[in-house]
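Dumped protein_26.csv below, it's CSV, C-alpha atoms and all ligand atoms:
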```csv
chain,number,residue,atom,x,y,z
A,1,MET,CA,-19.2,-21.4,2.0
A,2,THR,CA,-17.5,-24.5,3.3
A,3,ALA,CA,-16.0,-24.6,6.8
A,4,LEU,CA,-12.6,-24.8,5.2
A,5,THR,CA,-13.3,-21.5,3.2
A,6,ASP,CA,-14.6,-19.9,6.4
A,7,SER,CA,-11.6,-20.7,8.4
A,8,PHE,CA,-9.3,-19.6,5.5
A,9,THR,CA,-11.0,-16.2,5.1
A,10,ALA,CA,-10.8,-15.7,8.9
A,11,ALA,CA,-7.1,-16.6,8.9
A,12,LEU,CA,-6.5,-14.0,6.0
A,13,ARG,CA,-8.4,-11.3,8.0
A,14,ALA,CA,-6.5,-12.1,11.1
A,15,HIS,CA,-3.4,-10.7,9.4
A,16,SER,CA,-4.8,-7.3,10.4
A,17,GLN,CA,-2.8,-7.9,13.6
A,18,ARG,CA,0.4,-7.6,11.6
A,19,TYR,CA,-0.7,-4.7,9.5
A,20,HIS,CA,1.5,-1.6,9.4
A,21,HIS,CA,-1.1,0.6,11.1
A,22,GLN,CA,0.5,-0.6,14.3
A,23,HIS,CA,4.0,0.5,13.2
A,24,PRO,CA,5.4,3.0,15.7
A,25,PHE,CA,6.0,5.5,12.9
A,26,HIS,CA,2.3,5.3,11.8
A,27,VAL,CA,1.2,5.5,15.4
A,28,ARG,CA,3.2,8.7,15.9
A,29,MET,CA,1.9,10.0,12.6
A,30,ASN,CA,-1.7,9.6,13.5
A,31,ALA,CA,-1.2,11.0,17.0
A,32,GLY,CA,0.1,14.2,15.4
A,33,LEU,CA,3.7,13.7,16.7
A,34,LEU,CA,5.7,14.0,13.5
A,35,ASP,CA,7.4,17.1,12.4
A,36,PRO,CA,7.3,18.5,8.8
A,37,ARG,CA,10.7,16.9,8.0
A,38,GLN,CA,9.4,13.4,9.0
A,39,ILE,CA,6.1,13.9,7.1
A,40,ARG,CA,8.1,14.9,4.0
A,41,GLY,CA,10.4,11.9,4.4
A,42,TRP,CA,7.4,9.6,4.6
A,43,VAL,CA,5.7,11.1,1.5
A,44,ALA,CA,8.9,11.0,-0.6
A,45,ASN,CA,9.7,7.4,0.4
A,46,ARG,CA,6.2,6.2,-0.1
A,47,PHE,CA,6.2,7.6,-3.6
A,48,TYR,CA,8.6,4.7,-4.4
A,49,TYR,CA,5.9,2.3,-3.3
A,50,GLN,CA,3.2,4.2,-5.3
A,51,GLU,CA,5.2,4.3,-8.5
A,52,ASN,CA,5.9,0.6,-8.3
A,53,ILE,CA,2.3,-0.6,-7.7
A,54,PRO,CA,1.4,-0.5,-11.4
A,55,ARG,CA,4.5,-2.5,-12.3
A,56,LYS,CA,3.6,-5.1,-9.7
A,57,ASP,CA,0.0,-5.3,-11.1
A,58,ALA,CA,1.4,-5.6,-14.6
A,59,ALA,CA,3.5,-8.5,-13.5
A,60,ILE,CA,0.3,-10.2,-12.1
A,61,LEU,CA,-1.5,-9.5,-15.4
A,62,ALA,CA,1.5,-11.0,-17.3
A,63,ASN,CA,1.3,-14.2,-15.3
A,64,CYS,CA,-2.5,-14.6,-15.2
A,65,PRO,CA,-4.0,-16.8,-17.8
A,66,ASP,CA,-7.6,-16.0,-16.9
A,67,ARG,CA,-9.2,-13.3,-19.1
A,68,GLU,CA,-12.0,-12.4,-16.7
A,69,VAL,CA,-9.5,-11.8,-13.9
A,70,ARG,CA,-7.3,-9.7,-16.2
A,71,ARG,CA,-10.3,-7.5,-17.3
A,72,ARG,CA,-10.9,-6.5,-13.7
A,73,TRP,CA,-7.3,-6.4,-12.6
A,74,VAL,CA,-6.2,-4.0,-15.3
A,75,GLN,CA,-8.3,-1.3,-13.7
A,76,ARG,CA,-5.7,-1.1,-10.9
A,77,ILE,CA,-3.1,0.1,-13.4
A,78,LEU,CA,-5.4,2.8,-14.7
A,79,ASP,CA,-6.2,3.9,-11.2
A,80,HIS,CA,-2.6,4.6,-10.5
A,81,ASP,CA,-1.2,5.7,-13.9
A,82,GLY,CA,-4.4,7.6,-14.9
A,83,ARG,CA,-5.5,8.2,-18.5
A,84,ALA,CA,-6.5,11.1,-20.6
A,85,GLY,CA,-8.7,13.4,-18.5
A,86,GLU,CA,-8.2,11.4,-15.2
A,87,GLU,CA,-5.1,12.2,-13.2
A,88,GLY,CA,-4.6,8.8,-11.4
A,89,GLY,CA,-3.0,8.0,-8.1
A,90,ILE,CA,0.6,8.7,-9.0
A,91,GLU,CA,-0.2,12.2,-10.0
A,92,ALA,CA,-2.3,12.6,-6.9
A,93,TRP,CA,0.7,11.5,-4.8
A,94,LEU,CA,2.8,14.1,-6.5
A,95,ARG,CA,0.2,16.7,-5.5
A,96,LEU,CA,0.4,15.4,-2.0
A,97,SER,CA,4.2,15.9,-2.2
A,98,GLU,CA,3.8,19.5,-3.3
A,99,ALA,CA,1.2,20.0,-0.5
A,100,VAL,CA,3.7,19.0,2.1
A,101,GLY,CA,6.4,21.3,0.6
A,102,LEU,CA,8.4,18.9,-1.6
A,103,SER,CA,9.2,19.7,-5.2
A,104,ARG,CA,8.0,17.2,-7.9
A,105,ALA,CA,11.6,17.0,-9.1
A,106,GLU,CA,13.0,15.8,-5.8
A,107,VAL,CA,10.3,13.2,-5.4
A,108,LEU,CA,10.6,11.9,-9.0
A,109,ASP,CA,14.4,11.5,-8.9
A,110,GLU,CA,14.1,9.3,-5.8
A,111,ARG,CA,16.9,11.2,-4.0
A,112,HIS,CA,15.2,10.7,-0.6
A,113,VAL,CA,14.4,7.0,-1.0
A,114,ALA,CA,16.1,5.0,1.9
A,115,PRO,CA,17.9,1.8,0.9
A,116,GLY,CA,15.6,-0.4,3.1
A,117,VAL,CA,12.5,1.1,1.5
A,118,ARG,CA,13.9,0.4,-2.0
A,119,PHE,CA,14.7,-3.2,-1.0
A,120,ALA,CA,11.3,-3.8,0.5
A,121,VAL,CA,9.3,-2.4,-2.5
A,122,ASP,CA,11.6,-4.1,-5.0
A,123,ALA,CA,10.9,-7.4,-3.1
A,124,TYR,CA,7.2,-6.9,-3.6
A,125,VAL,CA,7.5,-6.3,-7.3
A,126,ASN,CA,9.9,-9.3,-7.6
A,127,PHE,CA,7.4,-11.5,-5.7
A,128,ALA,CA,4.7,-10.7,-8.2
A,129,ARG,CA,7.0,-11.4,-11.1
A,130,THR,CA,8.3,-14.7,-9.9
A,131,ARG,CA,5.6,-16.4,-7.7
A,132,PRO,CA,2.4,-18.0,-9.0
A,133,TRP,CA,-0.1,-15.3,-9.9
A,134,VAL,CA,-2.7,-16.4,-7.3
A,135,GLU,CA,-0.1,-16.0,-4.5
A,136,ALA,CA,0.7,-12.5,-5.8
A,137,VAL,CA,-3.1,-11.7,-5.7
A,138,ALA,CA,-3.1,-13.0,-2.1
A,139,SER,CA,-0.3,-10.7,-1.2
A,140,SER,CA,-2.4,-7.7,-2.3
A,141,LEU,CA,-4.9,-8.5,0.5
A,142,THR,CA,-3.4,-6.1,2.9
A,143,GLU,CA,-5.9,-3.7,1.2
A,144,LEU,CA,-8.6,-5.4,3.3
A,145,PHE,CA,-7.1,-3.4,6.2
A,146,ALA,CA,-6.2,-0.2,4.4
A,147,PRO,CA,-9.6,1.7,4.4
A,148,ASP,CA,-9.6,2.0,8.3
A,149,LEU,CA,-6.1,3.3,8.3
A,150,MET,CA,-6.9,5.7,5.4
A,151,ALA,CA,-9.9,7.1,7.3
A,152,GLU,CA,-7.8,7.5,10.4
A,153,ARG,CA,-5.0,9.2,8.5
A,154,LEU,CA,-7.4,11.7,6.8
A,155,ALA,CA,-8.8,12.7,10.1
A,156,ALA,CA,-5.3,12.9,11.7
A,157,PHE,CA,-3.9,15.0,8.9
A,158,GLU,CA,-6.8,17.5,9.0
A,159,ARG,CA,-6.6,17.7,12.8
A,160,HIS,CA,-2.8,17.7,13.5
A,161,TYR,CA,-1.1,18.9,10.4
A,162,PRO,CA,-3.0,22.1,9.3
A,163,TRP,CA,0.1,23.3,7.4
A,164,ILE,CA,-0.7,20.6,4.7
A,165,GLU,CA,-3.0,21.9,2.1
A,166,ARG,CA,-6.3,20.0,2.1
A,167,ASP,CA,-6.4,19.5,-1.6
A,168,GLY,CA,-3.2,17.4,-1.2
A,169,LEU,CA,-5.2,14.7,0.6
A,170,ALA,CA,-7.3,13.7,-2.4
A,171,TYR,CA,-5.2,10.5,-2.8
A,172,PHE,CA,-6.3,9.1,0.5
A,173,ARG,CA,-10.0,9.9,-0.3
A,174,SER,CA,-9.8,8.0,-3.6
A,175,ARG,CA,-8.4,5.0,-1.8
A,176,LEU,CA,-11.4,4.8,0.5
A,177,THR,CA,-13.5,3.4,-2.3
A,178,GLN,CA,-10.8,1.8,-4.5
A,179,ALA,CA,-9.2,-0.3,-1.8
A,180,PRO,CA,-12.4,-2.1,-0.7
A,181,ARG,CA,-13.4,-2.8,-4.4
A,182,ASP,CA,-9.9,-4.2,-5.0
A,183,ALA,CA,-9.8,-6.2,-1.8
A,184,GLU,CA,-13.2,-7.8,-2.6
A,185,HIS,CA,-12.0,-8.9,-6.1
A,186,ALA,CA,-8.8,-10.3,-4.7
A,187,MET,CA,-10.7,-12.2,-2.0
A,188,GLU,CA,-13.0,-13.7,-4.7
A,189,VAL,CA,-10.0,-14.8,-6.7
A,190,VAL,CA,-8.1,-16.3,-3.7
A,191,THR,CA,-11.1,-18.2,-2.3
A,192,GLU,CA,-11.9,-19.6,-5.7
A,193,HIS,CA,-8.4,-20.8,-6.5
A,194,CYS,CA,-7.2,-21.8,-3.0
A,195,ARG,CA,-9.2,-24.9,-2.1
A,196,THR,CA,-6.7,-27.3,-0.6
A,197,GLU,CA,-4.9,-26.8,2.7
A,198,SER,CA,-1.6,-26.4,1.0
A,199,GLU,CA,-2.9,-23.8,-1.5
A,200,GLN,CA,-4.4,-21.9,1.4
A,201,ALA,CA,-1.2,-22.1,3.4
A,202,ARG,CA,0.7,-20.6,0.4
A,203,ALA,CA,-1.8,-17.7,0.2
A,204,LEU,CA,-1.5,-17.0,3.9
A,205,ASP,CA,2.3,-17.0,3.6
A,206,ALA,CA,2.0,-14.5,0.7
A,207,LEU,CA,0.0,-12.2,2.9
A,208,SER,CA,2.5,-12.6,5.7
A,209,PHE,CA,5.2,-11.7,3.3
A,210,LYS,CA,3.3,-8.5,2.2
A,211,CYS,CA,2.8,-7.5,5.9
A,212,ASP,CA,6.6,-7.8,6.2
A,213,VAL,CA,7.1,-5.6,3.1
A,214,LEU,CA,4.9,-2.8,4.5
A,215,TRP,CA,6.5,-3.1,7.9
A,216,SER,CA,10.0,-2.9,6.4
A,217,VAL,CA,9.1,0.2,4.4
A,218,LEU,CA,8.1,1.9,7.6
A,219,ASP,CA,11.2,0.7,9.4
A,220,GLY,CA,13.3,2.2,6.6
A,221,ILE,CA,11.5,5.5,6.9
A,222,ASP,CA,11.6,5.5,10.7
A,223,ARG,CA,15.3,5.0,10.7
A,224,ALA,CA,16.0,7.7,8.1
A,225,TYR,CA,13.8,10.3,9.9
A,226,PRO,CA,14.1,9.7,13.7
A,227,ASP,CA,12.5,11.9,16.2
A,228,VAL,CA,14.7,14.9,17.1
A,229,PRO,CA,15.2,14.8,20.9
A,230,GLU,CA,14.0,17.8,22.9
A,231,PRO,CA,17.0,20.0,23.8
A,232,SER,CA,17.8,19.5,27.5
B,1,LIG,O1,-1.1,3.9,2.8
B,1,LIG,C1,-1.3,2.8,3.1
B,1,LIG,O2,-1.3,2.4,4.2
B,1,LIG,C2,-1.5,1.8,2.0
B,1,LIG,C3,-1.4,0.5,2.2
B,1,LIG,C4,-1.6,-0.4,1.1
B,1,LIG,C5,-1.6,-1.8,1.4
B,1,LIG,O3,-2.2,-2.2,2.4
B,1,LIG,O4,-0.9,-2.6,0.7
B,1,LIG,C6,-1.7,0.1,-0.2
B,1,LIG,C7,-1.8,1.5,-0.3
B,1,LIG,N1,-1.7,2.3,0.7
B,1,LIG,C8,-2.1,2.2,-1.6
B,1,LIG,O5,-2.2,3.4,-1.6
B,1,LIG,C9,-2.2,1.4,-2.7
B,1,LIG,O6,-2.4,1.9,-3.8
B,1,LIG,C10,-2.0,0.0,-2.6
B,1,LIG,C11,-2.0,-1.0,-3.6
B,1,LIG,C12,-1.7,-2.1,-2.9
B,1,LIG,C13,-1.5,-3.5,-3.5
B,1,LIG,O7,-0.9,-4.3,-2.7
B,1,LIG,O8,-1.8,-3.7,-4.6
B,1,LIG,N2,-1.6,-1.9,-1.6
B,1,LIG,C14,-1.8,-0.6,-1.4
```

Can you turn what I pasted into structure tokens?
Ligand SMILES: O=C(O)c1cc(C(=O)O)c2c(n1)C(=O)C(=O)c1cc(C(=O)O)[nH]c1-2
Amino acid sequence: MTALTDSFTAALRAHSQRYHHQHPFHVRMNAGLLDPRQIRGWVANRFYYQENIPRKDAAILANCPDREVRRRWVQRILDHDGRAGEEGGIEAWLRLSEAVGLSRAEVLDERHVAPGVRFAVDAYVNFARTRPWVEAVASSLTELFAPDLMAERLAAFERHYPWIERDGLAYFRSRLTQAPRDAEHAMEVVTEHCRTESEQARALDALSFKCDVLWSVLDGIDRAYPDVPEPS
């Protein structure tokens, strides 16, 4: 690796400082401070992110001229949509929804999705549709930081929210292996295609944009499901 690549990968990884694990809503979630209404609100709203991820990945495939990249990238769509005999992430998220006490119908019809959440997720899909495909790949690199948050969330849910059925947490377990594999591939693509300073600057901007997307999703949820003040 050249010094330029080293400093580039370090700058990408430094975006962990802006990752949504630091968002006050996630901090309260992992500290066990959310009530069932807030957990349900988060699950129903995050479903909108989950169901749009394969559309985002299909946009990347559509814009990517490299067959080798497409062969690996297509796996992400199968991970979420599933295939015969394998349920996939979207189905797993619906099972999480049921485990927290939501009906599939009220999640699928998006009645709980807050406007800010919809805007943020739509912005991510739109980014992948309209920006150069390597920038869209760079924007997926928040997944570098996801496994730590996923492990923390699993432990927090088991400890603080015993009313949620354990089987409902399978989605988070599957991401513990899928996210590192995906992030490694995205990192390979980005380091291979972003050699000049300006290419690297655009990749860093794309990752900053994605951190803002995830943060805005949590802002939208936090606003829709505020803490109920203790009666005085
Ligand atoms: O719950 C989370 O904190 C979280 C974060 C992220 C992320 O960092 O983008 C993803 C996911 N979950 C996730 O489940 C997922 O499938 C996923 C796909 C992507 C992506 O950008 O392609 N990010 C994420």

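Computed from the coordinates, the atom CA of A:Arg175 to atom CA of A:Glu152 distance equals 12.5 Å.
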
List as a PDB file with C-alpha atoms, in the frame of the given file the protein and nucleic acid residues lying within 7 Å of ligand LIG 1 (chain B), with all atoms listed in the file counted.
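Result written to result_18.pdb:
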```pdb
ATOM      1  CA  GLN A  50       3.200   4.200  -5.300  1.00  0.00           C
ATOM      2  CA  ILE A  53       2.300  -0.600  -7.700  1.00  0.00           C
ATOM      3  CA  ASP A  57       0.000  -5.300 -11.100  1.00  0.00           C
ATOM      4  CA  SER A 139      -0.300 -10.700  -1.200  1.00  0.00           C
ATOM      5  CA  SER A 140      -2.400  -7.700  -2.300  1.00  0.00           C
ATOM      6  CA  LEU A 141      -4.900  -8.500   0.500  1.00  0.00           C
ATOM      7  CA  THR A 142      -3.400  -6.100   2.900  1.00  0.00           C
ATOM      8  CA  GLU A 143      -5.900  -3.700   1.200  1.00  0.00           C
ATOM      9  CA  PHE A 145      -7.100  -3.400   6.200  1.00  0.00           C
ATOM     10  CA  ALA A 146      -6.200  -0.200   4.400  1.00  0.00           C
ATOM     11  CA  LEU A 149      -6.100   3.300   8.300  1.00  0.00           C
ATOM     12  CA  MET A 150      -6.900   5.700   5.400  1.00  0.00           C
ATOM     13  CA  ARG A 175      -8.400   5.000  -1.800  1.00  0.00           C
ATOM     14  CA  LEU A 214       4.900  -2.800   4.500  1.00  0.00           C
TER      15      LEU A 214
END
```

Counting all atoms listed in the file, the residue among A:Trp73, A:Tyr161, A:Tyr48, A:Tyr124 that lies closest to A:Asn30 is A:Tyr161

_Given only C-alpha atoms as the basis, pick out the residue of A:Ala10, A:Leu4, A:Asn45, A:Glu230 nearest to A:Val113._
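Of A:Ala10, A:Leu4, A:Asn45, A:Glu230, the one nearest A:Val113, counting only C-alpha atoms, is A:Asn45.
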
Next item on the list: Check the smallest atom-to-atom distance from each of A:Leu33, A:Met187, A:Ala44, A:Ala3 to A:Ser103 using all atoms listed in the file, then report the winner.
Entry: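 Among the listed residues, A:Ala44 lies closest to A:Ser103.
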
Who sits within 10 Å of A:Pro132, only C-alpha atoms, same chain under 4 positions skipped, as a list in words: Ile60, Asn63, Cys64, Phe127, Ala128, Ala136, Val137 and Arg202 of chain A

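Distances from A:Ser198, A:Asp219, A:Gln38, A:His21 to A:Ala151 were compared using all atoms listed in the file, and the smallest one belongs to A:His21.
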
Judged by all atoms listed in the file, the minimum distance to A:Glu192 among A:Gly88, A:Ala59, A:Val69, A:Gln75 is found for A:Val69

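With only C-alpha atoms as the atoms that count, the minimum distance from A:Asp227 to the choices A:Ala92, A:Val100, A:Leu34, A:Ala179 is reached by A:Leu34.
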
One decimal place gives the atom CA of A:Val228-atom CA of A:Trp42 separation as 15.4 Å

Atom pair atom CA of A:Glu110 + atom CA of A:Leu94, distance 12.3 Å

Need the shell around A:Tyr49: protein/DNA/RNA residues with any atom at most 12 Å away, counting all atoms listed in the file. Skip same-chain ones fewer than 5 positions apart. Format as a ChimeraX atom specification? /A:42-44,54-56,80,89-90,93,107,110,113-114,116-125,213-214,216-218

**Message:** Give me the residues near A:Ser208 as a PyMOL selection string, where near means some atom within 10 Å (using all atoms listed in the file) and where sequence neighbours in that chain fewer than 2 positions away do not count.
**Reply:** chain A and resi 12+15+18-19+138-139+141-142+202-206+210-213

For a quick check of your reading of the model, name the residues lying within 8 Å of the coordinate (5.8, 16.4, 3.4), counting all atoms listed in the file, and write them as JSON, numbers by chain. {"A": [36, 37, 38, 39, 40, 41, 42, 43, 44, 96, 97, 98, 99, 100, 101, 102, 164]}

Could you name the residues that touch A:Thr191 at 10 Å or less, counting only C-alpha atoms, but leaving out those on the same chain fewer than 5 positions away, as a list of chain:residue names?
->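 Near neighbours after the sequence-gap exclusion: A:Met1, A:Thr5, A:Asp6, A:Phe8, A:Thr9, A:Val134, A:Ala138, A:Ala186, A:Glu199, A:Gln200, A:Ala203.
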
Tell me which protein, DNA and RNA residues are within 6 Å of A:His20, counting all atoms listed in the file, leaving out same-chain ones fewer than 2 positions away, and put them as a list of chain:residue names. A:Gln22, A:His23, A:Trp215

Write a file of the just-selected residues containing C-alpha atoms, as a PDB file, in the coordinates of the input.
```pdb
ATOM      1  CA  GLN A  22       0.500  -0.600  14.300  1.00  0.00           C
ATOM      2  CA  HIS A  23       4.000   0.500  13.200  1.00  0.00           C
ATOM      3  CA  TRP A 215       6.500  -3.100   7.900  1.00  0.00           C
TER       4      TRP A 215
END
```

Because the input lacks atoms here, generate N, CA and C atoms for stretch 137-170 of chain A and report them as a PDB file, in the coordinates of the input.
```pdb
ATOM      1  N   VAL A 137      -1.754 -12.304  -6.021  1.00  0.00           N
ATOM      2  CA  VAL A 137      -3.100 -11.700  -5.700  1.00  0.00           C
ATOM      3  C   VAL A 137      -3.282 -11.734  -4.190  1.00  0.00           C
ATOM      4  N   ALA A 138      -2.960 -12.860  -3.562  1.00  0.00           N
ATOM      5  CA  ALA A 138      -3.100 -13.000  -2.100  1.00  0.00           C
ATOM      6  C   ALA A 138      -2.313 -11.913  -1.372  1.00  0.00           C
ATOM      7  N   SER A 139      -1.136 -11.628  -1.911  1.00  0.00           N
ATOM      8  CA  SER A 139      -0.300 -10.700  -1.200  1.00  0.00           C
ATOM      9  C   SER A 139      -0.865  -9.244  -1.258  1.00  0.00           C
ATOM     10  N   SER A 140      -1.763  -8.986  -2.198  1.00  0.00           N
ATOM     11  CA  SER A 140      -2.400  -7.700  -2.300  1.00  0.00           C
ATOM     12  C   SER A 140      -3.472  -7.475  -1.186  1.00  0.00           C
ATOM     13  N   LEU A 141      -3.794  -8.555  -0.463  1.00  0.00           N
ATOM     14  CA  LEU A 141      -4.900  -8.500   0.500  1.00  0.00           C
ATOM     15  C   LEU A 141      -4.730  -7.641   1.705  1.00  0.00           C
ATOM     16  N   THR A 142      -3.539  -7.062   1.860  1.00  0.00           N
ATOM     17  CA  THR A 142      -3.400  -6.100   2.900  1.00  0.00           C
ATOM     18  C   THR A 142      -4.408  -4.925   2.693  1.00  0.00           C
ATOM     19  N   GLU A 143      -4.872  -4.812   1.467  1.00  0.00           N
ATOM     20  CA  GLU A 143      -5.900  -3.700   1.200  1.00  0.00           C
ATOM     21  C   GLU A 143      -7.178  -3.958   1.911  1.00  0.00           C
ATOM     22  N   LEU A 144      -7.392  -5.165   2.439  1.00  0.00           N
ATOM     23  CA  LEU A 144      -8.600  -5.400   3.300  1.00  0.00           C
ATOM     24  C   LEU A 144      -8.509  -4.437   4.509  1.00  0.00           C
ATOM     25  N   PHE A 145      -7.287  -4.139   4.947  1.00  0.00           N
ATOM     26  CA  PHE A 145      -7.100  -3.400   6.200  1.00  0.00           C
ATOM     27  C   PHE A 145      -6.843  -1.912   5.948  1.00  0.00           C
ATOM     28  N   ALA A 146      -6.619  -1.558   4.664  1.00  0.00           N
ATOM     29  CA  ALA A 146      -6.200  -0.200   4.400  1.00  0.00           C
ATOM     30  C   ALA A 146      -7.290   0.871   4.620  1.00  0.00           C
ATOM     31  N   PRO A 147      -8.571   0.616   4.305  1.00  0.00           N
ATOM     32  CA  PRO A 147      -9.600   1.700   4.400  1.00  0.00           C
ATOM     33  C   PRO A 147      -9.644   2.283   5.854  1.00  0.00           C
ATOM     34  N   ASP A 148      -9.576   1.447   6.891  1.00  0.00           N
ATOM     35  CA  ASP A 148      -9.600   2.000   8.300  1.00  0.00           C
ATOM     36  C   ASP A 148      -8.461   2.911   8.529  1.00  0.00           C
ATOM     37  N   LEU A 149      -7.272   2.472   8.058  1.00  0.00           N
ATOM     38  CA  LEU A 149      -6.100   3.300   8.300  1.00  0.00           C
ATOM     39  C   LEU A 149      -6.192   4.602   7.478  1.00  0.00           C
ATOM     40  N   MET A 150      -6.739   4.511   6.264  1.00  0.00           N
ATOM     41  CA  MET A 150      -6.900   5.700   5.400  1.00  0.00           C
ATOM     42  C   MET A 150      -7.822   6.715   6.059  1.00  0.00           C
ATOM     43  N   ALA A 151      -8.937   6.232   6.607  1.00  0.00           N
ATOM     44  CA  ALA A 151      -9.900   7.100   7.300  1.00  0.00           C
ATOM     45  C   ALA A 151      -9.263   7.788   8.482  1.00  0.00           C
ATOM     46  N   GLU A 152      -8.512   6.982   9.235  1.00  0.00           N
ATOM     47  CA  GLU A 152      -7.800   7.500  10.400  1.00  0.00           C
ATOM     48  C   GLU A 152      -6.795   8.557  10.020  1.00  0.00           C
ATOM     49  N   ARG A 153      -6.067   8.256   8.935  1.00  0.00           N
ATOM     50  CA  ARG A 153      -5.000   9.200   8.500  1.00  0.00           C
ATOM     51  C   ARG A 153      -5.602  10.496   8.002  1.00  0.00           C
ATOM     52  N   LEU A 154      -6.707  10.412   7.257  1.00  0.00           N
ATOM     53  CA  LEU A 154      -7.400  11.700   6.800  1.00  0.00           C
ATOM     54  C   LEU A 154      -7.739  12.542   7.962  1.00  0.00           C
ATOM     55  N   ALA A 155      -8.372  11.932   8.963  1.00  0.00           N
ATOM     56  CA  ALA A 155      -8.800  12.700  10.100  1.00  0.00           C
ATOM     57  C   ALA A 155      -7.580  13.270  10.861  1.00  0.00           C
ATOM     58  N   ALA A 156      -6.533  12.445  10.982  1.00  0.00           N
ATOM     59  CA  ALA A 156      -5.300  12.900  11.700  1.00  0.00           C
ATOM     60  C   ALA A 156      -4.635  14.034  10.983  1.00  0.00           C
ATOM     61  N   PHE A 157      -4.559  13.944   9.651  1.00  0.00           N
ATOM     62  CA  PHE A 157      -3.900  15.000   8.900  1.00  0.00           C
ATOM     63  C   PHE A 157      -4.657  16.313   9.024  1.00  0.00           C
ATOM     64  N   GLU A 158      -5.983  16.227   8.928  1.00  0.00           N
ATOM     65  CA  GLU A 158      -6.800  17.500   9.000  1.00  0.00           C
ATOM     66  C   GLU A 158      -6.671  18.080  10.402  1.00  0.00           C
ATOM     67  N   ARG A 159      -6.594  17.242  11.412  1.00  0.00           N
ATOM     68  CA  ARG A 159      -6.600  17.700  12.800  1.00  0.00           C
ATOM     69  C   ARG A 159      -5.179  18.213  13.214  1.00  0.00           C
ATOM     70  N   HIS A 160      -4.158  17.387  12.919  1.00  0.00           N
ATOM     71  CA  HIS A 160      -2.800  17.700  13.500  1.00  0.00           C
ATOM     72  C   HIS A 160      -1.852  18.376  12.600  1.00  0.00           C
ATOM     73  N   TYR A 161      -2.100  18.334  11.307  1.00  0.00           N
ATOM     74  CA  TYR A 161      -1.100  18.900  10.400  1.00  0.00           C
ATOM     75  C   TYR A 161      -1.779  19.972   9.498  1.00  0.00           C
ATOM     76  N   PRO A 162      -2.279  21.062  10.112  1.00  0.00           N
ATOM     77  CA  PRO A 162      -3.000  22.100   9.300  1.00  0.00           C
ATOM     78  C   PRO A 162      -2.153  22.773   8.296  1.00  0.00           C
ATOM     79  N   TRP A 163      -0.818  22.637   8.413  1.00  0.00           N
ATOM     80  CA  TRP A 163       0.100  23.300   7.400  1.00  0.00           C
ATOM     81  C   TRP A 163       0.051  22.529   6.085  1.00  0.00           C
ATOM     82  N   ILE A 164      -0.558  21.347   6.025  1.00  0.00           N
ATOM     83  CA  ILE A 164      -0.700  20.600   4.700  1.00  0.00           C
ATOM     84  C   ILE A 164      -1.944  21.060   4.044  1.00  0.00           C
ATOM     85  N   GLU A 165      -1.815  21.507   2.799  1.00  0.00           N
ATOM     86  CA  GLU A 165      -3.000  21.900   2.100  1.00  0.00           C
ATOM     87  C   GLU A 165      -3.999  20.793   1.901  1.00  0.00           C
ATOM     88  N   ARG A 166      -5.267  21.086   2.167  1.00  0.00           N
ATOM     89  CA  ARG A 166      -6.300  20.000   2.100  1.00  0.00           C
ATOM     90  C   ARG A 166      -6.411  19.317   0.789  1.00  0.00           C
ATOM     91  N   ASP A 167      -6.245  20.082  -0.298  1.00  0.00           N
ATOM     92  CA  ASP A 167      -6.400  19.500  -1.600  1.00  0.00           C
ATOM     93  C   ASP A 167      -5.355  18.344  -1.832  1.00  0.00           C
ATOM     94  N   GLY A 168      -4.260  18.423  -1.103  1.00  0.00           N
ATOM     95  CA  GLY A 168      -3.200  17.400  -1.200  1.00  0.00           C
ATOM     96  C   GLY A 168      -3.638  16.039  -0.724  1.00  0.00           C
ATOM     97  N   LEU A 169      -4.759  15.987   0.015  1.00  0.00           N
ATOM     98  CA  LEU A 169      -5.200  14.700   0.600  1.00  0.00           C
ATOM     99  C   LEU A 169      -6.099  13.889  -0.256  1.00  0.00           C
ATOM    100  N   ALA A 170      -6.308  14.353  -1.497  1.00  0.00           N
ATOM    101  CA  ALA A 170      -7.300  13.700  -2.400  1.00  0.00           C
ATOM    102  C   ALA A 170      -6.913  12.201  -2.607  1.00  0.00           C
TER     103      ALA A 170
END
```
